[in-house]
Structures are given as C-alpha cells and as structure tokens.
file start.cif (mmCIF, C-alpha atoms (C1' of nucleotides))
data_entry
loop_
_atom_site.label_atom_id
_atom_site.label_comp_id
_atom_site.auth_asym_id
_atom_site.auth_seq_id
_atom_site.Cartn_x
_atom_site.Cartn_y
_atom_site.Cartn_z
CA MET A 1 -20.08 -62.24 -38.25
CA GLU A 2 -23.18 -60.04 -38.17
CA PRO A 3 -26.52 -61.32 -39.43
CA ILE A 4 -27.85 -59.53 -42.47
CA THR A 5 -31.00 -57.53 -41.84
CA THR A 6 -32.90 -54.75 -43.54
CA THR A 7 -32.01 -52.19 -40.87
CA LEU A 8 -28.64 -50.58 -41.43
CA PRO A 9 -26.49 -48.30 -39.35
CA THR A 10 -26.92 -44.67 -40.31
CA ASP A 11 -23.62 -44.35 -42.17
CA GLN A 12 -24.32 -47.37 -44.33
CA GLU A 13 -27.84 -46.15 -44.95
CA ARG A 14 -26.49 -42.82 -46.12
CA LEU A 15 -23.94 -44.50 -48.35
CA VAL A 16 -26.47 -46.91 -49.88
CA ALA A 17 -28.88 -44.03 -50.52
CA MET A 18 -26.11 -42.14 -52.33
CA LEU A 19 -25.20 -45.18 -54.41
CA LYS A 20 -28.84 -45.73 -55.28
CA ALA A 21 -29.21 -42.10 -56.34
CA LEU A 22 -26.13 -42.40 -58.54
CA GLY A 23 -27.27 -45.72 -59.99
CA ASN A 24 -29.41 -44.03 -62.59
CA PRO A 25 -27.92 -42.81 -65.88
CA ILE A 26 -29.79 -39.51 -65.94
CA ARG A 27 -28.83 -38.60 -62.38
CA PHE A 28 -25.25 -39.72 -62.92
CA GLN A 29 -24.99 -37.39 -65.89
CA ILE A 30 -26.59 -34.51 -64.03
CA MET A 31 -23.76 -34.86 -61.48
CA ALA A 32 -21.19 -34.69 -64.27
CA MET A 33 -22.88 -31.64 -65.74
CA LEU A 34 -22.91 -29.86 -62.37
CA ALA A 35 -19.23 -30.66 -61.93
CA GLU A 36 -18.56 -28.97 -65.25
CA CYS A 37 -20.67 -25.85 -64.95
CA GLN A 38 -20.06 -25.47 -61.20
CA THR A 39 -23.53 -24.06 -60.69
CA CYS A 40 -26.60 -23.96 -62.87
CA ILE A 41 -30.36 -23.71 -62.63
CA THR A 42 -32.89 -26.48 -63.20
CA ASN A 43 -33.78 -25.18 -66.62
CA ASP A 44 -30.19 -25.42 -67.86
CA ILE A 45 -30.37 -29.14 -67.15
CA VAL A 46 -33.81 -29.52 -68.64
CA LEU A 47 -32.61 -27.94 -71.88
CA ARG A 48 -29.79 -30.50 -72.24
CA THR A 49 -32.20 -33.34 -71.74
CA PRO A 50 -34.97 -35.07 -73.70
CA LEU A 51 -36.98 -35.28 -70.48
CA ALA A 52 -39.78 -33.12 -69.11
CA GLN A 53 -39.13 -30.40 -66.55
CA ALA A 54 -41.13 -32.29 -63.92
CA THR A 55 -38.96 -35.37 -64.39
CA ILE A 56 -35.72 -33.45 -63.97
CA SER A 57 -37.11 -31.73 -60.91
CA GLN A 58 -37.85 -35.16 -59.45
CA HIS A 59 -34.33 -36.42 -60.21
CA LEU A 60 -32.88 -33.29 -58.61
CA LYS A 61 -34.94 -33.99 -55.51
CA VAL A 62 -33.49 -37.50 -55.28
CA LEU A 63 -29.94 -36.16 -55.60
CA ARG A 64 -30.73 -33.44 -53.07
CA GLU A 65 -32.20 -35.85 -50.54
CA ALA A 66 -29.21 -38.14 -50.94
CA GLY A 67 -27.02 -35.16 -50.06
CA LEU A 68 -25.21 -35.13 -53.38
CA ILE A 69 -26.32 -31.67 -54.49
CA GLU A 70 -27.53 -28.46 -52.93
CA GLY A 71 -30.14 -26.05 -54.22
CA THR A 72 -30.41 -22.40 -53.31
CA ILE A 73 -33.30 -20.26 -54.44
CA SER A 74 -32.19 -17.34 -56.57
CA GLY A 75 -35.08 -15.22 -57.75
CA PRO A 76 -37.59 -17.40 -59.55
CA ALA A 77 -34.96 -20.06 -60.23
CA THR A 78 -33.13 -22.61 -58.10
CA CYS A 79 -29.37 -22.67 -58.33
CA TYR A 80 -27.91 -26.15 -57.99
CA CYS A 81 -24.37 -27.15 -57.20
CA LEU A 82 -22.56 -30.25 -55.96
CA ASN A 83 -22.34 -30.86 -52.23
CA GLU A 84 -18.59 -31.25 -52.19
CA THR A 85 -18.37 -32.18 -48.52
CA ASN A 86 -20.69 -35.12 -48.93
CA ILE A 87 -19.16 -36.21 -52.21
CA ARG A 88 -15.77 -36.27 -50.55
CA TRP A 89 -17.29 -38.34 -47.76
CA LEU A 90 -18.73 -40.76 -50.33
CA LYS A 91 -15.35 -41.10 -52.03
CA GLU A 92 -13.67 -41.84 -48.73
CA GLN A 93 -16.26 -44.45 -47.87
CA ILE A 94 -15.73 -46.22 -51.18
CA GLU A 95 -11.97 -45.91 -50.87
CA HIS A 96 -12.04 -47.71 -47.51
CA TRP A 97 -14.79 -50.08 -48.52
CA LEU A 98 -14.06 -53.81 -48.16
CA PRO A 99 -10.53 -53.19 -46.88
CA ASN A 100 -9.72 -56.86 -46.40
CA CYS A 101 -10.47 -57.51 -50.05
CA CYS A 102 -9.42 -55.00 -52.67
CA MET B 1 -20.53 -29.46 -72.92
CA GLU B 2 -22.23 -32.68 -73.94
CA PRO B 3 -26.00 -32.99 -74.06
CA ILE B 4 -27.48 -35.44 -71.56
CA THR B 5 -29.08 -38.46 -73.15
CA THR B 6 -30.18 -41.89 -72.03
CA THR B 7 -27.42 -43.65 -74.01
CA LEU B 8 -24.14 -43.78 -72.14
CA PRO B 9 -20.66 -44.84 -73.09
CA THR B 10 -19.92 -48.42 -72.08
CA ASP B 11 -17.68 -47.52 -69.15
CA GLN B 12 -20.26 -45.22 -67.60
CA GLU B 13 -22.95 -47.80 -68.20
CA ARG B 14 -20.89 -50.39 -66.37
CA LEU B 15 -20.23 -48.00 -63.51
CA VAL B 16 -23.86 -46.95 -63.18
CA ALA B 17 -24.97 -50.60 -63.22
CA MET B 18 -22.53 -51.34 -60.41
CA LEU B 19 -23.74 -48.37 -58.37
CA LYS B 20 -27.33 -49.41 -58.93
CA ALA B 21 -26.57 -52.96 -57.79
CA LEU B 22 -24.89 -51.61 -54.65
CA GLY B 23 -27.70 -49.15 -54.00
CA ASN B 24 -29.75 -51.76 -52.18
CA PRO B 25 -29.19 -52.53 -48.49
CA ILE B 26 -29.44 -56.31 -48.86
CA ARG B 27 -27.01 -56.47 -51.75
CA PHE B 28 -24.65 -54.03 -50.06
CA GLN B 29 -24.53 -56.28 -47.02
CA ILE B 30 -24.04 -59.40 -49.11
CA MET B 31 -20.91 -57.74 -50.49
CA ALA B 32 -19.66 -57.06 -46.96
CA MET B 33 -20.34 -60.63 -45.96
CA LEU B 34 -18.46 -62.00 -48.96
CA ALA B 35 -15.54 -59.75 -48.13
CA GLU B 36 -15.46 -61.28 -44.66
CA CYS B 37 -15.87 -64.97 -45.44
CA GLN B 38 -13.85 -64.74 -48.69
CA THR B 39 -16.01 -67.39 -50.28
CA CYS B 40 -19.34 -68.92 -49.36
CA ILE B 41 -22.31 -70.64 -50.91
CA THR B 42 -25.75 -69.20 -51.50
CA ASN B 43 -27.20 -71.03 -48.52
CA ASP B 44 -24.73 -69.45 -46.09
CA ILE B 45 -26.13 -66.08 -47.12
CA VAL B 46 -29.73 -67.26 -46.99
CA LEU B 47 -29.23 -68.46 -43.42
CA ARG B 48 -28.05 -65.02 -42.29
CA THR B 49 -31.04 -63.37 -43.83
CA PRO B 50 -34.77 -63.07 -43.13
CA LEU B 51 -35.39 -63.45 -46.86
CA ALA B 52 -36.37 -66.44 -48.96
CA GLN B 53 -33.82 -68.42 -50.92
CA ALA B 54 -35.33 -67.32 -54.22
CA THR B 55 -34.93 -63.67 -53.25
CA ILE B 56 -31.28 -64.08 -52.33
CA SER B 57 -30.65 -65.96 -55.55
CA GLN B 58 -32.15 -63.04 -57.43
CA HIS B 59 -29.96 -60.52 -55.58
CA LEU B 60 -26.90 -62.64 -56.30
CA LYS B 61 -27.83 -62.59 -59.96
CA VAL B 62 -27.94 -58.79 -59.94
CA LEU B 63 -24.52 -58.61 -58.27
CA ARG B 64 -23.17 -61.21 -60.70
CA GLU B 65 -24.49 -59.39 -63.77
CA ALA B 66 -23.04 -56.12 -62.49
CA GLY B 67 -19.67 -57.89 -62.33
CA LEU B 68 -19.31 -57.45 -58.58
CA ILE B 69 -19.23 -61.13 -57.66
CA GLU B 70 -18.41 -64.41 -59.31
CA GLY B 71 -20.08 -67.77 -58.83
CA THR B 72 -18.50 -71.13 -59.51
CA ILE B 73 -20.47 -74.33 -59.30
CA SER B 74 -19.10 -76.71 -56.71
CA GLY B 75 -21.07 -79.91 -56.48
CA PRO B 76 -24.70 -79.10 -55.86
CA ALA B 77 -23.82 -75.66 -54.49
CA THR B 78 -22.58 -72.42 -56.03
CA CYS B 79 -19.53 -70.86 -54.46
CA TYR B 80 -19.58 -67.08 -54.54
CA CYS B 81 -16.73 -64.67 -54.08
CA LEU B 82 -16.03 -61.02 -54.83
CA ASN B 83 -14.75 -60.07 -58.27
CA GLU B 84 -11.74 -58.20 -57.00
CA THR B 85 -10.63 -56.96 -60.41
CA ASN B 86 -13.92 -55.27 -61.10
CA ILE B 87 -14.23 -53.90 -57.57
CA ARG B 88 -10.81 -52.35 -57.92
CA TRP B 89 -11.94 -50.86 -61.22
CA LEU B 90 -15.03 -49.44 -59.52
CA LYS B 91 -12.94 -47.90 -56.76
CA GLU B 92 -10.63 -46.29 -59.30
CA GLN B 93 -13.57 -44.89 -61.22
CA ILE B 94 -15.02 -43.33 -58.08
CA GLU B 95 -11.61 -42.07 -57.03
CA HIS B 96 -11.21 -40.19 -60.30
CA TRP B 97 -14.84 -39.21 -60.54
CA LEU B 98 -15.60 -35.49 -60.91
CA PRO B 99 -11.92 -34.53 -60.79
CA ASN B 100 -12.56 -30.80 -61.22
CA CYS B 101 -14.73 -30.81 -58.13
CA CYS B 102 -13.77 -32.89 -55.15
"C1'" DT C 1 -32.38 -95.98 -57.90
"C1'" DC C 2 -34.25 -92.90 -54.47
"C1'" DC C 3 -33.62 -89.27 -51.21
"C1'" DT C 4 -31.41 -85.16 -49.57
"C1'" DT C 5 -29.16 -80.85 -50.36
"C1'" DA C 6 -28.36 -76.65 -52.95
"C1'" DT C 7 -29.56 -73.69 -56.31
"C1'" DA C 8 -31.82 -71.27 -60.19
"C1'" DT C 9 -35.77 -69.96 -62.50
"C1'" DC C 10 -40.80 -69.33 -63.28
"C1'" DG C 11 -45.04 -67.18 -62.23
"C1'" DT C 12 -47.01 -63.75 -59.69
"C1'" DA C 13 -48.27 -60.12 -56.21
"C1'" DT C 14 -46.94 -55.82 -54.38
"C1'" DA C 15 -44.09 -51.81 -54.03
"C1'" DT C 16 -41.21 -48.53 -55.96
"C1'" DT C 17 -39.36 -45.90 -59.73
"C1'" DT C 18 -39.70 -43.30 -63.70
"C1'" DA C 19 -41.92 -40.19 -66.67
"C1'" DC C 20 -45.41 -36.99 -67.97
"C1'" DG C 21 -49.11 -33.29 -68.12
"C1'" DA C 22 -51.46 -30.19 -65.29
"C1'" DT C 23 -51.32 -27.05 -61.78
"C1'" DA C 24 -49.73 -24.12 -57.78
"C1'" DT C 25 -46.28 -20.89 -56.25
"C1'" DA C 26 -42.99 -17.23 -56.37
"C1'" DA C 27 -40.13 -13.51 -58.34
"C1'" DG C 28 -39.40 -9.89 -61.49
"C1'" DG C 29 -40.55 -6.90 -65.44
"C1'" DA C 30 -43.94 -4.18 -68.45
"C1'" DT D 1 -51.73 -5.36 -61.79
"C1'" DC D 2 -50.80 -8.69 -65.38
"C1'" DC D 3 -47.58 -11.49 -67.87
"C1'" DT D 4 -43.47 -14.16 -68.26
"C1'" DT D 5 -40.09 -17.20 -66.37
"C1'" DA D 6 -38.65 -20.89 -63.34
"C1'" DT D 7 -39.66 -24.32 -60.37
"C1'" DA D 8 -41.93 -27.76 -57.37
"C1'" DT D 9 -45.54 -30.75 -56.52
"C1'" DC D 10 -49.76 -33.48 -57.55
"C1'" DG D 11 -52.05 -37.14 -59.86
"C1'" DT D 12 -51.37 -40.85 -62.64
"C1'" DA D 13 -49.72 -44.38 -66.13
"C1'" DA D 14 -46.23 -47.57 -67.30
"C1'" DA D 15 -42.10 -49.91 -66.29
"C1'" DT D 16 -38.92 -52.07 -62.84
"C1'" DA D 17 -37.71 -53.94 -58.66
"C1'" DT D 18 -38.56 -56.77 -54.83
"C1'" DA D 19 -40.18 -60.75 -52.56
"C1'" DC D 20 -42.26 -65.19 -52.29
"C1'" DG D 21 -43.91 -70.09 -53.17
"C1'" DA D 22 -43.61 -73.64 -56.37
"C1'" DT D 23 -40.96 -76.14 -59.35
"C1'" DA D 24 -36.99 -77.84 -62.28
"C1'" DT D 25 -32.25 -79.23 -62.25
"C1'" DA D 26 -28.02 -81.21 -60.68
"C1'" DA D 27 -24.78 -83.55 -57.54
"C1'" DG D 28 -23.83 -86.79 -54.10
"C1'" DG D 29 -24.94 -90.32 -50.63
"C1'" DA D 30 -27.69 -94.46 -48.84
#
call {"tool": "encode", "arguments": {"input": "start.cif", "output": "structure tokens"}}
result
Amino acid sequence: MEPITTTLPTDQERLVAMLKALGNPIRFQIMAMLAECQTCITNDIVLRTPLAQATISQHLKVLREAGLIEGTISGPATCYCLNETNIRWLKEQIEHWLPNCC
Amino acid sequence: MEPITTTLPTDQERLVAMLKALGNPIRFQIMAMLAECQTCITNDIVLRTPLAQATISQHLKVLREAGLIEGTISGPATCYCLNETNIRWLKEQIEHWLPNCC
DNA sequence: TCCTTATATCGTATATTTACGATATAAGGA
DNA sequence: TCCTTATATCGTAAATATACGATATAAGGA
C-alpha cells in the first residue's frame, strides 16, 4: 500500500482540481447553466446572479483552469462553453473510482 | 432557466459538499486508502501520512460529515470505512450530471 | 488505580478562498 | 475620436480551510 503524501500523480491532481472547482455552489450552478444554454457570455451569468461581475469572472477562471469550461473571445465579450472532452474524462474517472468498493 | 442563487436544493447541496470534501488531495487519498484496506483506524492513516494526528482527525470529520465515510468506535479506537451507499449515490449523480451535454 | 493507546476537540497561526470596488483593456458604434 | 459594452485583473477585506500542539476523554491492561 502506498504512503499518503501531498504530491499526487498528474491524473489525480487533475481530478482533485476538478472536484475542488465543482465543490462550490456558485460554480456548480454555472456549469448547469452552461449545459442549458450551450454557450453564453460572462454577462449572461452575471445577470442571473446576485454576485459582482468581478466575482463571476474569478469563478469562471477557476472553472477554466480546472479544464471544465472553455472561453473564446468574441468581440468585446468572452463566449463560454463546457469542455465536453474533459467533463467526459471526469465522469469516466469517477465511474471507475474505487473499483474494489462500490 | 432558473436564476443562480446561493441556496441550493438539498440534493445538490449534498453533492456539492461531497465534491468539496473530495477536492483535497489528502482527503482524496484517504478515500483510496480506505477502499484498499476496507476498514482501518485513525492511527493507521496517521502513520501513512506526514501530517499530525489532529489534522487527520479533522479531515476524517470532513469526510464523515459529507457522508463519504463512517466511523464506529471500537475500544479506544475509531474504525473507519467507506459509506458505500452514499458513494454509489455520488457516482450516480455524476453519471447523470449534465445529461444534455456529455 | 495508574499507565498506555487512540482519538477528538480546543485554541491558534497561517494560507487560501471568496467577494467586492476600482481600474485597465479591447472591440464596436456614433 | 469618444462613448458604450464586456471583460479581466488588481488590491483588499472578510470568511474558511488547513495544520499544529496541547489537552480532554475513553477503553483496556498491568
């Protein structure tokens, strides 16, 4: 059995970073909103939120850096959508997680 | 489309709390260790860790409160094991998460 | 009873997260 | 060019999370 340390293999690091990003109610709901509207700009999200624009921008950055969403600049706005490849990867990881248990 | 607020339905709250608990490398690895050894006491985990006993106890509390593990007192020790029912629930939630996307 | 073992919790220091206003940047229209 | 719109980032305040030593509790053995 492996000793537990703070350094993780890359795949686990990626997975934990994704889980951490999703472990926040605002970010979790932003994901659901993006799944619904397929693609929308930062301001669309800000308008559905009691939070400031700067705060949403920060949350989007966390989701982006975790690989859960993608942003493409479109004129003065940024168009966000889900990163389906990485989300599929996340789902597969969770599906095969702890195989000798559940 | 629903507005995004900080209050979540109970199920989503539960899910987000679980994801948050797992979004920490130490806790994630404790889960993996429990999956391997089936059941072990706090000290077994402490010994595989560079962290203090108090810190591990705190992490175990987070996992316990998220419903991911269960602890039963056995003599002077506490015997921890995975909460398989809740982990299965978590897996199902993730499996059906964002159905219109991935 | 006293000691050892195992754990949880308290108090506390430090680090990180979360949220905001202010500001810088960039694109497009008048 | 100037203004509006949309965003990201900076600086910062407040809240949480993380980690530790010290301590309280509880069970079992000498």
call {"tool": "resolve_selection", "arguments": {"input": "start.cif", "expression": "the PyMOL selection byres ((chain A) within 10 of (chain C))", "output": "MDAnalysis selection string"}}
result
chainID A and resid 51:56 58:59 74:77
call {"tool": "write_last_selection", "arguments": {"input": "start.cif", "atoms": "C-alpha atoms", "output": "PDB file, in the frame of the given file"}}
result
ATOM      1  CA  LEU A  51     -36.980 -35.280 -70.480  1.00  0.00           C
ATOM      2  CA  ALA A  52     -39.780 -33.120 -69.110  1.00  0.00           C
ATOM      3  CA  GLN A  53     -39.130 -30.400 -66.550  1.00  0.00           C
ATOM      4  CA  ALA A  54     -41.130 -32.290 -63.920  1.00  0.00           C
ATOM      5  CA  THR A  55     -38.960 -35.370 -64.390  1.00  0.00           C
ATOM      6  CA  ILE A  56     -35.720 -33.450 -63.970  1.00  0.00           C
ATOM      7  CA  GLN A  58     -37.850 -35.160 -59.450  1.00  0.00           C
ATOM      8  CA  HIS A  59     -34.330 -36.420 -60.210  1.00  0.00           C
ATOM      9  CA  SER A  74     -32.190 -17.340 -56.570  1.00  0.00           C
ATOM     10  CA  GLY A  75     -35.080 -15.220 -57.750  1.00  0.00           C
ATOM     11  CA  PRO A  76     -37.590 -17.400 -59.550  1.00  0.00           C
ATOM     12  CA  ALA A  77     -34.960 -20.060 -60.230  1.00  0.00           C
TER      13      ALA A  77
END
call {"tool": "residues_around", "arguments": {"input": "start.cif", "residues": "Arg88 in chain A", "least_positions_apart": "5", "cutoff": "9 Å", "atoms": "all atoms listed in the file", "output": "list in words"}}
result
Asn83 and Gln93 of chain A; Cys102 of chain B
call {"tool": "closest_residue", "arguments": {"input": "start.cif", "among": "A:Ser57, A:Glu92, A:Ala21, A:Ile41", "to": "Ile73 in chain A", "atoms": "only C-alpha atoms"}}
result
A:Ile41
call {"tool": "interface_residues", "arguments": {"input": "start.cif", "of": "chain D", "to": "chain B", "cutoff": "9 Å", "atoms": "only C-alpha atoms (C1' of nucleotides)", "output": "PyMOL selection string"}}
result
chain D and resi 18-20+26-28
call {"tool": "write_last_selection", "arguments": {"input": "start.cif", "atoms": "C-alpha atoms (C1' of nucleotides)", "output": "PDB file, in the frame of the given file"}}
result
ATOM      1  C1'  DT D  18     -38.560 -56.770 -54.830  1.00  0.00           C
ATOM      2  C1'  DA D  19     -40.180 -60.750 -52.560  1.00  0.00           C
ATOM      3  C1'  DC D  20     -42.260 -65.190 -52.290  1.00  0.00           C
ATOM      4  C1'  DA D  26     -28.020 -81.210 -60.680  1.00  0.00           C
ATOM      5  C1'  DA D  27     -24.780 -83.550 -57.540  1.00  0.00           C
ATOM      6  C1'  DG D  28     -23.830 -86.790 -54.100  1.00  0.00           C
TER       7       DG D  28
END
call {"tool": "closest_atom_pairs", "arguments": {"input": "start.cif", "of": "chain A", "to": "chain B", "cutoff": "9 Å", "atoms": "only C-alpha atoms", "output": "JSON lines"}}
result
{"residue": "A:Met1", "atom": "CA", "partner": "B:Met33", "partner_atom": "CA", "distance": 7.9}
{"residue": "A:Glu2", "atom": "CA", "partner": "B:Arg48", "partner_atom": "CA", "distance": 8.1}
{"residue": "A:Pro3", "atom": "CA", "partner": "B:Arg48", "partner_atom": "CA", "distance": 4.9}
{"residue": "A:Ile4", "atom": "CA", "partner": "B:Thr49", "partner_atom": "CA", "distance": 5.2}
{"residue": "A:Thr5", "atom": "CA", "partner": "B:Thr49", "partner_atom": "CA", "distance": 6.2}
{"residue": "A:Thr6", "atom": "CA", "partner": "B:Ile26", "partner_atom": "CA", "distance": 6.5}
{"residue": "A:Thr7", "atom": "CA", "partner": "B:Pro25", "partner_atom": "CA", "distance": 8.1}
{"residue": "A:Leu8", "atom": "CA", "partner": "B:Pro25", "partner_atom": "CA", "distance": 7.3}
{"residue": "A:Gln12", "atom": "CA", "partner": "B:Pro25", "partner_atom": "CA", "distance": 8.2}
{"residue": "A:Glu13", "atom": "CA", "partner": "B:Pro25", "partner_atom": "CA", "distance": 7.4}
{"residue": "A:Leu15", "atom": "CA", "partner": "B:Gly23", "partner_atom": "CA", "distance": 8.2}
{"residue": "A:Val16", "atom": "CA", "partner": "B:Gly23", "partner_atom": "CA", "distance": 4.8}
{"residue": "A:Ala17", "atom": "CA", "partner": "B:Gly23", "partner_atom": "CA", "distance": 6.3}
{"residue": "A:Met18", "atom": "CA", "partner": "B:Gly23", "partner_atom": "CA", "distance": 7.4}
{"residue": "A:Leu19", "atom": "CA", "partner": "B:Gly23", "partner_atom": "CA", "distance": 4.7}
{"residue": "A:Lys20", "atom": "CA", "partner": "B:Gly23", "partner_atom": "CA", "distance": 3.8}
{"residue": "A:Ala21", "atom": "CA", "partner": "B:Gly23", "partner_atom": "CA", "distance": 7.6}
{"residue": "A:Leu22", "atom": "CA", "partner": "B:Leu19", "partner_atom": "CA", "distance": 6.4}
{"residue": "A:Gly23", "atom": "CA", "partner": "B:Lys20", "partner_atom": "CA", "distance": 3.8}
{"residue": "A:Asn24", "atom": "CA", "partner": "B:Val16", "partner_atom": "CA", "distance": 6.3}
{"residue": "A:Pro25", "atom": "CA", "partner": "B:Val16", "partner_atom": "CA", "distance": 6.4}
{"residue": "A:Ile26", "atom": "CA", "partner": "B:Thr6", "partner_atom": "CA", "distance": 6.6}
{"residue": "A:Phe28", "atom": "CA", "partner": "B:Val16", "partner_atom": "CA", "distance": 7.4}
{"residue": "A:Gln29", "atom": "CA", "partner": "B:Ile4", "partner_atom": "CA", "distance": 6.5}
{"residue": "A:Ile30", "atom": "CA", "partner": "B:Ile4", "partner_atom": "CA", "distance": 7.6}
{"residue": "A:Met31", "atom": "CA", "partner": "B:Leu98", "partner_atom": "CA", "distance": 8.2}
{"residue": "A:Ala32", "atom": "CA", "partner": "B:Leu98", "partner_atom": "CA", "distance": 6.6}
{"residue": "A:Met33", "atom": "CA", "partner": "B:Met1", "partner_atom": "CA", "distance": 7.9}
{"residue": "A:Ala35", "atom": "CA", "partner": "B:Cys101", "partner_atom": "CA", "distance": 5.9}
{"residue": "A:Glu36", "atom": "CA", "partner": "B:Asn100", "partner_atom": "CA", "distance": 7.5}
{"residue": "A:Cys37", "atom": "CA", "partner": "B:Met1", "partner_atom": "CA", "distance": 8.8}
{"residue": "A:Gln38", "atom": "CA", "partner": "B:Cys101", "partner_atom": "CA", "distance": 8.1}
{"residue": "A:Ile45", "atom": "CA", "partner": "B:Ile4", "partner_atom": "CA", "distance": 8.2}
{"residue": "A:Leu47", "atom": "CA", "partner": "B:Pro3", "partner_atom": "CA", "distance": 8.6}
{"residue": "A:Arg48", "atom": "CA", "partner": "B:Pro3", "partner_atom": "CA", "distance": 4.9}
{"residue": "A:Thr49", "atom": "CA", "partner": "B:Ile4", "partner_atom": "CA", "distance": 5.2}
{"residue": "A:Pro50", "atom": "CA", "partner": "B:Thr5", "partner_atom": "CA", "distance": 6.8}
{"residue": "A:Leu51", "atom": "CA", "partner": "B:Thr5", "partner_atom": "CA", "distance": 8.9}
{"residue": "A:Leu82", "atom": "CA", "partner": "B:Cys101", "partner_atom": "CA", "distance": 8.1}
{"residue": "A:Glu84", "atom": "CA", "partner": "B:Cys102", "partner_atom": "CA", "distance": 5.9}
{"residue": "A:Thr85", "atom": "CA", "partner": "B:Cys102", "partner_atom": "CA", "distance": 8.1}
{"residue": "A:Ile87", "atom": "CA", "partner": "B:Cys102", "partner_atom": "CA", "distance": 7.0}
{"residue": "A:Arg88", "atom": "CA", "partner": "B:Cys102", "partner_atom": "CA", "distance": 6.0}
{"residue": "A:Leu90", "atom": "CA", "partner": "B:Ile94", "partner_atom": "CA", "distance": 9.0}
{"residue": "A:Lys91", "atom": "CA", "partner": "B:Glu95", "partner_atom": "CA", "distance": 6.3}
{"residue": "A:Glu92", "atom": "CA", "partner": "B:Glu95", "partner_atom": "CA", "distance": 8.6}
{"residue": "A:Ile94", "atom": "CA", "partner": "B:Lys91", "partner_atom": "CA", "distance": 6.5}
{"residue": "A:Glu95", "atom": "CA", "partner": "B:Lys91", "partner_atom": "CA", "distance": 6.3}
{"residue": "A:Trp97", "atom": "CA", "partner": "B:Ala32", "partner_atom": "CA", "distance": 8.7}
{"residue": "A:Leu98", "atom": "CA", "partner": "B:Ala35", "partner_atom": "CA", "distance": 6.1}
{"residue": "A:Pro99", "atom": "CA", "partner": "B:Ala35", "partner_atom": "CA", "distance": 8.3}
{"residue": "A:Asn100", "atom": "CA", "partner": "B:Ala35", "partner_atom": "CA", "distance": 6.7}
{"residue": "A:Cys101", "atom": "CA", "partner": "B:Ala35", "partner_atom": "CA", "distance": 5.9}
{"residue": "A:Cys102", "atom": "CA", "partner": "B:Glu84", "partner_atom": "CA", "distance": 5.9}
call {"tool": "atom_distance", "arguments": {"input": "start.cif", "atom1": "CA of Cys79 in chain A", "atom2": "C1' of DG11 in chain D"}}
result
26.9 Å
call {"tool": "atom_distance", "arguments": {"input": "start.cif", "atom1": "CA of Gly67 in chain A", "atom2": "CA of Asn43 in chain A"}}
result
20.5 Å
call {"tool": "atom_distance", "arguments": {"input": "start.cif", "atom1": "C1' of DA6 in chain D", "atom2": "CA of Leu63 in chain A"}}
result
19.2 Å
call {"tool": "decode", "arguments": {"input": "start.cif", "residues": "range 4-24 of chain D", "atoms": "C-alpha atoms (C1' of nucleotides)", "output": "JSON list (two decimals), in the first residue's frame"}}
result
[["chain", "number", "residue", "atom", "x", "y", "z"],
["D", 4, "DT", "C1'", -20.61, 52.27, -24.55],
["D", 5, "DT", "C1'", -20.27, 47.45, -23.61],
["D", 6, "DA", "C1'", -17.90, 43.43, -21.87],
["D", 7, "DT", "C1'", -14.37, 41.52, -19.52],
["D", 8, "DA", "C1'", -10.17, 40.59, -16.78],
["D", 9, "DT", "C1'", -7.20, 41.79, -13.25],
["D", 10, "DC", "C1'", -5.56, 44.35, -9.12],
["D", 11, "DG", "C1'", -5.85, 45.46, -4.36],
["D", 12, "DT", "C1'", -8.03, 44.36, -0.36],
["D", 13, "DA", "C1'", -11.32, 42.84, 3.41],
["D", 14, "DA", "C1'", -13.63, 39.08, 5.48],
["D", 15, "DA", "C1'", -14.52, 34.33, 5.85],
["D", 16, "DT", "C1'", -12.88, 29.45, 5.55],
["D", 17, "DA", "C1'", -9.66, 25.97, 5.38],
["D", 18, "DT", "C1'", -5.57, 23.85, 6.84],
["D", 19, "DA", "C1'", -2.24, 22.45, 10.11],
["D", 20, "DC", "C1'", -0.34, 22.01, 14.61],
["D", 21, "DG", "C1'", 0.45, 21.49, 19.77],
["D", 22, "DA", "C1'", -1.92, 20.92, 23.90],
["D", 23, "DT", "C1'", -5.44, 18.87, 26.25],
["D", 24, "DA", "C1'", -9.69, 16.10, 27.45]]
